[in-house]
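Please read the structure below before turning to the comments.
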Amino acid sequence: MKRILPLTAACLAGFSIVFFASRISISAATPPDLPSGHPEAVLDLTKPEDVSAVQGQWRYSDVRLIEVDFATAGQDGQPSGPLARTYDYTPHAGAAAYDDSSWEAIAPQTLSRRRGHGRIGFNWYRIAVTLPQQVDGFPVEGSTVVFETALADYAEIWVDGELPRALGQSGGSVVAGWNASNRLVLARNAHPGQKIQIAIFGINGPISDPPTNYIWMRKASLEFFAGQPEAQPYAVEPQEVNVEVVRLDPRIDRIVPANPKLYKLAEGFLFTEGPVWVDEEHSLLFSDPNANRIYRYREDEGSLTVFLEPSGYQGEDVAEYRQPGSNGITLDPMGRTVIAQHGDHRLVRLDDGGGQRVLAESYQGRRLNSPNDLVYRSDGVLYFTDPPFGLPMVFDDPRKELSFSGIYSLREGQLRLENDELSGPNGIALSPDERFLYVGNWDEQRKVVMRYPLGEAGRLGKGEVFFDMTRAPGQDAIDGIKVDREGNLYVSGPDGLWILSDQGEHLGTIIPPRHPHNMAWGGQDGQTLYLCSQDRLYRMRLNLPGIRPQGPNPPTERTLRHE
């Protein structure tokens, strides 16, 4: 007897859940409205005691206009023409990691003081807040936090280094109007100890007739509303967000457009990983290993749905895991979806007829650690990495049965250990001619991309260090890797997406507001790069198409069945 279950946490305990082909779509939440009505609690950031409650310190800087060289508009309407003199300003201080320690520290009660020098004027106010346990007895856990501000005369508001903007936008990150009060959500399902960086760019106005007055802050407060802990991630109308491109080599101009655009597509996830593009459905599948789910984003609809839950673990002790769910996802040469499952220590394939077929779960009688990322060669050989990052205690977890972290191949059902020299083998990709396998190492002490020649029957030869990022400043080691059709590598490295030539030269780095941990090529021509960036999903159009798995018959939507 088959019984359809609602998609709730209660249905996950004690049941084996399998997905089957169906026309039923389980939708994630639509974008929530901005909370209205009276908040449960308020912190007034113009008062010293309330700023102390969030461990904050207001910092201030004037902005200086400077002359710079910049390309004029070419025939393509982009900055591809001859250089000309124009104006910019300094500092650019919207980034979350911007160092404002040398700025003037200002007291909260002085925010209303007139600042700047009048006429054409711009300035920055910055504050980093840490959410407390409670505010006036109201618990912060699970709440929705709204920032309200009003500046004389205009403002733009950056939150954690991101400034979203959509066509026709009024309010949110771009203040609605002259001297207008503005509210935007800082956090949904907030938690105590959460750190949020706010940067406010003040503008004197009206801009077309610079006034004889100055810039000052009329209001700044945090409002706390009862949240919705069950709220799901949601898709947004594609919103352009800021992106920085560090161009180290002229060859990067063939890859990244002169006027690059990054768009936010969805947000509210715990952590995004392991994406793959499904061409026939014009959609992207990607994991949230922390939530034990796979989501699908349909580009043609701009919609977000839950594709698979649980995606990587069905055990009753799931609460002990930080990342119990799936990580890497790919398509096999027949177009079937193959998933690396952390908590269940295995690789599975979703068959067209329904159900999950286990492809690999143990080596020499011992369970795999937590398969992380995977890639198919065109002849059907599957390569995957197996660090212990999905286990609750990682390297020291008692569930860990293998003493090493392996790189494996799977050919015609035969699992072979190809290499065990890396402590944290992670992202994995093939060169366009399939002569080499690239593997990134997530290890703070050895952040290297390894390159292994492929011999007969797909066996790995002796590896060499292709690129070493160990001494690079910035957070994070090496995560996902993808390759374009010219052989350039796109590597999730410290503080951004590193672009390396096929000769191991650093051409430049793409730096979105959120760090991209994995990515996938998609779109009709394969030139759109989808970025799984922590709690966000972004896309970015590039000049070159990428290497992506192909398949004729990917599985469609699936429903839950209780066995």
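Ordering of the structure tokens sets the chain letters (A, B, ...), residue numbers begin anew at 1 in every chain, and ligands are numbered from 1 in the order given.
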Discussion item. Set the distance at 6 Å and use only C-alpha atoms: which residues neighbour A:Gly81 once local chain neighbours fewer than 2 positions away are removed? I'd like the list as a PyMOL selection string.
Written reply: chain A and resi 71-74+79
All heavy atoms of the current selection, written as an mmCIF file, in the first residue's frame:
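Resulting contents of out25.cif:
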```cif
data_model
loop_
_atom_site.group_PDB
_atom_site.id
_atom_site.type_symbol
_atom_site.label_atom_id
_atom_site.label_comp_id
_atom_site.auth_asym_id
_atom_site.auth_seq_id
_atom_site.Cartn_x
_atom_site.Cartn_y
_atom_site.Cartn_z
ATOM 1 N N ALA A 71 37.184 52.963 -19.795
ATOM 2 C CA ALA A 71 36.855 52.749 -21.200
ATOM 3 C C ALA A 71 35.516 53.389 -21.555
ATOM 4 O O ALA A 71 34.548 53.298 -20.800
ATOM 5 C CB ALA A 71 36.819 51.251 -21.504
ATOM 6 N N THR A 72 35.463 54.016 -22.705
ATOM 7 C CA THR A 72 34.213 54.563 -23.204
ATOM 8 C C THR A 72 33.361 53.430 -23.782
ATOM 9 O O THR A 72 33.823 52.302 -23.962
ATOM 10 C CB THR A 72 34.476 55.622 -24.283
ATOM 11 O OG1 THR A 72 35.274 55.026 -25.326
ATOM 12 C CG2 THR A 72 35.219 56.808 -23.695
ATOM 13 N N ALA A 73 32.098 53.748 -24.055
ATOM 14 C CA ALA A 73 31.184 52.742 -24.601
ATOM 15 C C ALA A 73 31.577 52.390 -26.026
ATOM 16 O O ALA A 73 31.752 53.269 -26.879
ATOM 17 C CB ALA A 73 29.750 53.250 -24.547
ATOM 18 N N GLY A 74 31.705 51.091 -26.293
ATOM 19 C CA GLY A 74 32.004 50.628 -27.640
ATOM 20 C C GLY A 74 30.736 50.358 -28.412
ATOM 21 O O GLY A 74 29.617 50.655 -27.964
ATOM 22 N N PRO A 79 31.821 48.759 -21.886
ATOM 23 C CA PRO A 79 33.062 49.540 -21.770
ATOM 24 C C PRO A 79 34.213 48.897 -22.535
ATOM 25 O O PRO A 79 35.128 48.313 -21.960
ATOM 26 C CB PRO A 79 33.319 49.560 -20.252
ATOM 27 C CG PRO A 79 32.626 48.347 -19.732
ATOM 28 C CD PRO A 79 31.425 48.155 -20.597
#
```
How close does stretch 162-264 of chain A get to stretch 293-303 of chain A? List, as a Markdown table, each residue of stretch 162-264 of chain A within 9 Å, its nearest atom pair and the distance in Å to one decimal, counting only C-alpha atoms.
```
| residue | atom | partner | partner_atom | distance |
| --- | --- | --- | --- | --- |
| A:Tyr234 | CA | A:Ser303 | CA | 8.3 |
| A:Ala235 | CA | A:Ser303 | CA | 6.0 |
| A:Val236 | CA | A:Gly302 | CA | 7.6 |
| A:Glu237 | CA | A:Gly302 | CA | 7.1 |
| A:Pro238 | CA | A:Gly302 | CA | 7.9 |
```
Would you save the residues of that selection, restricted to C-alpha atoms, as a PDB file, in the first residue's frame?
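Result file is part37.pdb:
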```
ATOM      1  CA  TYR A 234      12.791  31.065  -1.644  1.00  0.00           C
ATOM      2  CA  ALA A 235      13.482  32.253  -5.162  1.00  0.00           C
ATOM      3  CA  VAL A 236      13.623  35.963  -5.893  1.00  0.00           C
ATOM      4  CA  GLU A 237      13.161  37.868  -9.101  1.00  0.00           C
ATOM      5  CA  PRO A 238      16.744  37.838 -10.440  1.00  0.00           C
TER       6      PRO A 238
END
```
Would you pick out the contacts of A:Asn488 at 10 Å or less, using only C-alpha atoms, so that residues sharing its chain but fewer than 4 positions from it are not included, and give the list as a short mmCIF file (atom, residue, chain, number, x, y, z; two decimals) with N, CA and C atoms, in the first residue's frame?
```cif
data_model
loop_
_atom_site.label_atom_id
_atom_site.label_comp_id
_atom_site.auth_asym_id
_atom_site.auth_seq_id
_atom_site.Cartn_x
_atom_site.Cartn_y
_atom_site.Cartn_z
N ILE A 252 42.28 37.04 -18.98
CA ILE A 252 41.01 36.88 -18.30
C ILE A 252 39.89 37.65 -19.00
N ILE A 255 37.50 35.69 -20.81
CA ILE A 255 36.64 34.85 -19.98
C ILE A 255 35.55 35.66 -19.30
N SER A 431 39.96 17.45 -17.40
CA SER A 431 40.34 18.37 -18.47
C SER A 431 39.46 18.10 -19.69
N PRO A 432 39.31 19.06 -20.60
CA PRO A 432 38.42 18.86 -21.76
C PRO A 432 38.76 17.64 -22.59
N LYS A 482 35.57 23.46 -11.53
CA LYS A 482 34.98 23.24 -12.83
C LYS A 482 35.96 23.70 -13.90
N VAL A 483 35.72 23.28 -15.16
CA VAL A 483 36.64 23.54 -16.26
C VAL A 483 35.84 24.06 -17.45
N ASP A 484 36.40 25.04 -18.19
CA ASP A 484 35.73 25.47 -19.41
C ASP A 484 36.31 24.73 -20.61
N ILE A 499 40.42 31.78 -11.14
CA ILE A 499 40.47 31.30 -12.51
C ILE A 499 41.93 31.03 -12.87
N LEU A 500 42.20 29.77 -13.22
CA LEU A 500 43.56 29.33 -13.54
C LEU A 500 43.61 28.89 -15.00
N SER A 501 44.69 29.20 -15.69
CA SER A 501 44.85 28.73 -17.06
C SER A 501 45.17 27.24 -17.06
N ASP A 502 45.14 26.62 -18.22
CA ASP A 502 45.46 25.19 -18.31
C ASP A 502 46.93 24.92 -18.06
N GLN A 503 47.73 26.00 -17.92
CA GLN A 503 49.14 25.86 -17.57
C GLN A 503 49.40 26.18 -16.10
N GLY A 504 48.34 26.38 -15.33
CA GLY A 504 48.51 26.63 -13.90
C GLY A 504 48.87 28.06 -13.57
N GLU A 505 48.42 29.03 -14.39
CA GLU A 505 48.68 30.44 -14.11
C GLU A 505 47.40 31.09 -13.56
N HIS A 506 47.57 31.92 -12.56
CA HIS A 506 46.42 32.60 -11.94
C HIS A 506 46.05 33.80 -12.79
N LEU A 507 44.92 33.72 -13.49
CA LEU A 507 44.49 34.78 -14.38
C LEU A 507 43.70 35.86 -13.65
N LEU A 544 33.07 32.28 -22.21
CA LEU A 544 33.42 30.95 -22.71
C LEU A 544 32.45 29.92 -22.16
N GLY A 546 31.42 26.15 -20.70
CA GLY A 546 32.10 25.23 -19.81
C GLY A 546 31.81 23.77 -20.14
#
```
Worksheet item: DSSP on the backbone: what in stretch 291-374 of chain A comes out strand (DSSP E or B), as a PyMOL selection string?
Response: chain A and resi 293-298+303-308+326-331+337-341+346-350+356-360+362-363+366-367+374
Written file, previous selection with C-alpha atoms, as an mmCIF file, in the first residue's frame:
```cif
data_model
loop_
_atom_site.group_PDB
_atom_site.id
_atom_site.type_symbol
_atom_site.label_atom_id
_atom_site.label_comp_id
_atom_site.auth_asym_id
_atom_site.auth_seq_id
_atom_site.Cartn_x
_atom_site.Cartn_y
_atom_site.Cartn_z
ATOM 1 C CA ARG A 293 17.739 18.301 0.784
ATOM 2 C CA ILE A 294 18.248 18.685 -2.945
ATOM 3 C CA TYR A 295 16.563 21.701 -4.520
ATOM 4 C CA ARG A 296 15.716 22.427 -8.113
ATOM 5 C CA TYR A 297 15.774 25.917 -9.604
ATOM 6 C CA ARG A 298 13.929 26.223 -12.916
ATOM 7 C CA SER A 303 10.910 28.836 -9.385
ATOM 8 C CA LEU A 304 12.434 26.849 -6.549
ATOM 9 C CA THR A 305 11.187 23.413 -5.492
ATOM 10 C CA VAL A 306 12.326 20.622 -3.189
ATOM 11 C CA PHE A 307 13.561 17.831 -5.448
ATOM 12 C CA LEU A 308 14.658 15.238 -2.881
ATOM 13 C CA SER A 326 23.878 15.081 -0.254
ATOM 14 C CA ASN A 327 26.853 17.024 -1.541
ATOM 15 C CA GLY A 328 28.014 16.576 -5.149
ATOM 16 C CA ILE A 329 25.480 15.798 -7.878
ATOM 17 C CA THR A 330 26.182 14.842 -11.488
ATOM 18 C CA LEU A 331 24.594 13.097 -14.473
ATOM 19 C CA THR A 337 21.184 11.675 -11.579
ATOM 20 C CA VAL A 338 24.024 10.422 -9.362
ATOM 21 C CA ILE A 339 24.409 11.744 -5.820
ATOM 22 C CA ALA A 340 27.175 11.726 -3.214
ATOM 23 C CA GLN A 341 25.456 11.105 0.146
ATOM 24 C CA ARG A 346 27.624 6.178 -0.356
ATOM 25 C CA LEU A 347 26.987 7.058 -3.992
ATOM 26 C CA VAL A 348 23.513 6.402 -5.371
ATOM 27 C CA ARG A 349 21.783 6.743 -8.709
ATOM 28 C CA LEU A 350 18.185 7.870 -9.118
ATOM 29 C CA GLN A 356 17.845 4.690 -5.521
ATOM 30 C CA ARG A 357 20.464 2.244 -6.679
ATOM 31 C CA VAL A 358 23.634 2.090 -4.589
ATOM 32 C CA LEU A 359 26.742 2.404 -6.774
ATOM 33 C CA ALA A 360 29.399 2.383 -4.024
ATOM 34 C CA SER A 362 32.320 0.428 1.022
ATOM 35 C CA TYR A 363 35.946 -0.294 0.223
ATOM 36 C CA ARG A 366 34.737 -0.806 5.321
ATOM 37 C CA ARG A 367 32.230 1.955 4.769
ATOM 38 C CA LEU A 374 32.155 13.374 -8.408
#
```
Item to complete: For A:Val449, please output as a ChimeraX atom specification all residues within 9 Å (counting only C-alpha atoms; exclusion window: fewer than 4 positions along the same chain).
Response: /A:438-441,464-469,478,491
Discussion item. Show me, as a PyMOL selection string, the residues that have an atom within 9 Å of A:Leu163 when counting only C-alpha atoms, minus same-chain residues fewer than 5 positions from it.
Written reply: chain A and resi 94+156-158+173-174+240-242+513
Worksheet item: Out of A:Leu537, A:Met519, A:Ile510, A:Val375, which residue has the shortest atom-to-atom distance to A:Pro257 when counting only C-alpha atoms?
Response: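 Answer, going by the shortest atom-to-atom distance: A:Ile510.
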Excluding A:Glu273 and any residue of its chain fewer than 3 positions from it, enumerate the residues within 9 Å of it, using only C-alpha atoms, and give them as a compact mmCIF listing (two decimals) with N, CA, C and O atoms, in the first residue's frame.
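In the end it all went to part.txt:
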```
# COMPACT_ATOMS: atom_id res chain seq x y z
N PHE A 286 20.74 21.29 -6.96
CA PHE A 286 21.84 21.57 -6.05
C PHE A 286 21.47 21.12 -4.64
O PHE A 286 20.30 21.02 -4.29
N SER A 287 22.49 20.85 -3.84
CA SER A 287 22.31 20.30 -2.50
C SER A 287 22.31 21.39 -1.45
O SER A 287 22.95 22.44 -1.60
N ASP A 288 21.59 21.11 -0.37
CA ASP A 288 21.80 21.78 0.91
C ASP A 288 22.12 20.66 1.89
O ASP A 288 21.22 20.08 2.49
N PRO A 289 23.41 20.30 2.04
CA PRO A 289 23.75 19.15 2.88
C PRO A 289 23.35 19.36 4.34
O PRO A 289 23.06 18.39 5.03
N SER A 326 23.08 15.27 0.96
CA SER A 326 23.88 15.08 -0.25
C SER A 326 24.86 16.23 -0.41
O SER A 326 24.67 17.32 0.13
N ASN A 327 25.92 15.97 -1.18
CA ASN A 327 26.85 17.02 -1.54
C ASN A 327 26.90 17.10 -3.07
O ASN A 327 26.01 17.66 -3.68
N GLY A 328 27.90 16.50 -3.70
CA GLY A 328 28.01 16.58 -5.15
C GLY A 328 26.89 15.84 -5.87
O GLY A 328 26.43 14.80 -5.43
N ILE A 329 26.48 16.41 -7.01
CA ILE A 329 25.48 15.80 -7.88
C ILE A 329 26.02 15.86 -9.30
O ILE A 329 26.62 16.87 -9.71
N GLY A 480 34.96 23.35 -4.63
CA GLY A 480 34.58 22.88 -5.95
C GLY A 480 35.52 23.33 -7.05
O GLY A 480 36.17 24.37 -6.96
N PRO A 516 31.68 31.49 -3.04
CA PRO A 516 31.15 30.35 -3.79
C PRO A 516 31.91 29.07 -3.45
O PRO A 516 33.13 29.00 -3.59
N HIS A 517 31.19 28.05 -2.99
CA HIS A 517 31.84 26.79 -2.63
C HIS A 517 31.77 25.75 -3.74
O HIS A 517 32.57 24.81 -3.75
N ASN A 518 30.83 25.88 -4.64
CA ASN A 518 30.80 25.00 -5.81
C ASN A 518 30.01 25.69 -6.91
O ASN A 518 29.31 26.67 -6.66
N MET A 519 30.13 25.17 -8.12
CA MET A 519 29.53 25.85 -9.25
C MET A 519 29.22 24.85 -10.36
O MET A 519 29.70 23.71 -10.34
N LEU A 531 26.50 29.67 -9.21
CA LEU A 531 27.37 29.66 -8.04
C LEU A 531 26.58 29.31 -6.79
O LEU A 531 25.64 30.03 -6.43
N CYS A 532 26.94 28.22 -6.15
CA CYS A 532 26.39 27.87 -4.84
C CYS A 532 27.24 28.57 -3.80
O CYS A 532 28.37 28.15 -3.51
N SER A 533 26.71 29.65 -3.25
CA SER A 533 27.48 30.56 -2.40
C SER A 533 26.86 30.65 -1.01
O SER A 533 26.00 31.50 -0.75
N GLN A 534 27.26 29.71 -0.16
CA GLN A 534 26.79 29.66 1.22
C GLN A 534 25.27 29.58 1.26
O GLN A 534 24.70 28.57 0.88
```
Show which residues sit within 12 Å of A:Asp253, as a short mmCIF file (atom, residue, chain, number, x, y, z; two decimals) with N, CA and C atoms, in the first residue's frame. Count only C-alpha atoms, and ignore same-chain residues fewer than 4 positions away.
```cif
data_model
loop_
_atom_site.label_atom_id
_atom_site.label_comp_id
_atom_site.auth_asym_id
_atom_site.auth_seq_id
_atom_site.Cartn_x
_atom_site.Cartn_y
_atom_site.Cartn_z
N PRO A 79 31.82 48.76 -21.89
CA PRO A 79 33.06 49.54 -21.77
C PRO A 79 34.21 48.90 -22.53
N SER A 80 34.13 49.00 -23.86
CA SER A 80 35.15 48.38 -24.72
C SER A 80 35.80 49.39 -25.66
N VAL A 245 35.89 41.73 -9.76
CA VAL A 245 36.75 40.87 -10.57
C VAL A 245 38.17 41.40 -10.50
N VAL A 246 39.05 40.61 -9.92
CA VAL A 246 40.47 40.96 -9.86
C VAL A 246 41.13 40.41 -11.11
N ARG A 247 41.59 41.28 -12.00
CA ARG A 247 42.16 40.88 -13.29
C ARG A 247 43.68 40.94 -13.19
N LEU A 248 44.30 39.77 -13.14
CA LEU A 248 45.76 39.68 -12.99
C LEU A 248 46.48 39.46 -14.30
N ASP A 249 45.77 38.98 -15.31
CA ASP A 249 46.37 38.64 -16.59
C ASP A 249 45.39 39.07 -17.68
N PRO A 257 33.43 39.15 -18.91
CA PRO A 257 33.09 40.36 -19.67
C PRO A 257 33.63 41.63 -19.01
N ALA A 258 33.77 42.66 -19.82
CA ALA A 258 34.26 43.94 -19.29
C ALA A 258 33.28 44.55 -18.31
N ASN A 259 31.99 44.25 -18.48
CA ASN A 259 30.95 44.77 -17.59
C ASN A 259 30.23 43.56 -16.97
N PRO A 260 30.88 42.83 -16.05
CA PRO A 260 30.31 41.58 -15.54
C PRO A 260 29.06 41.81 -14.71
N ILE A 499 40.42 31.78 -11.14
CA ILE A 499 40.47 31.30 -12.51
C ILE A 499 41.93 31.03 -12.87
N LEU A 507 44.92 33.72 -13.49
CA LEU A 507 44.49 34.78 -14.38
C LEU A 507 43.70 35.86 -13.65
N GLY A 508 42.99 35.47 -12.61
CA GLY A 508 42.19 36.44 -11.87
C GLY A 508 41.25 35.74 -10.92
N THR A 509 40.48 36.53 -10.20
CA THR A 509 39.56 36.00 -9.18
C THR A 509 38.23 36.74 -9.26
N LEU A 542 29.42 34.33 -18.58
CA LEU A 542 30.82 34.47 -18.96
C LEU A 542 30.96 34.35 -20.48
N ASN A 543 32.17 34.58 -20.98
CA ASN A 543 32.39 34.61 -22.42
C ASN A 543 32.66 33.24 -23.02
N LEU A 544 33.07 32.28 -22.21
CA LEU A 544 33.42 30.95 -22.71
C LEU A 544 32.45 29.92 -22.16
#
```
Worksheet item: Using the chain letters and numbers from this document, which residues of stretch 166-391 of chain A does DSSP assign to helix (DSSP H, G or I), as a list in words?
Response: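 Filtering stretch 166-391 of chain A down to helix (DSSP H, G or I) leaves Pro250, Arg251, Ile252, Asp253, Arg254, Asp279, Glu280, Glu281, Val318, Ala319 and Glu320 of chain A.
Taking atom CA of A:Thr149 and atom CA of A:Ala107 as endpoints, the distance between them is 16.7 Å.
Restricting the calculation to only C-alpha atoms, the smallest distance between A:Gln194 and any of A:Val243, A:Val159, A:Leu131, A:Ala231 is found for A:Leu131.
Between atom CA of A:Gly355 and atom CA of A:Glu412 the separation is 20.1 Å.
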Item to complete: State, in Å with one decimal place, the distance from atom CA of A:Ile203 to atom CA of A:Leu65.
Response: 12.7 Å
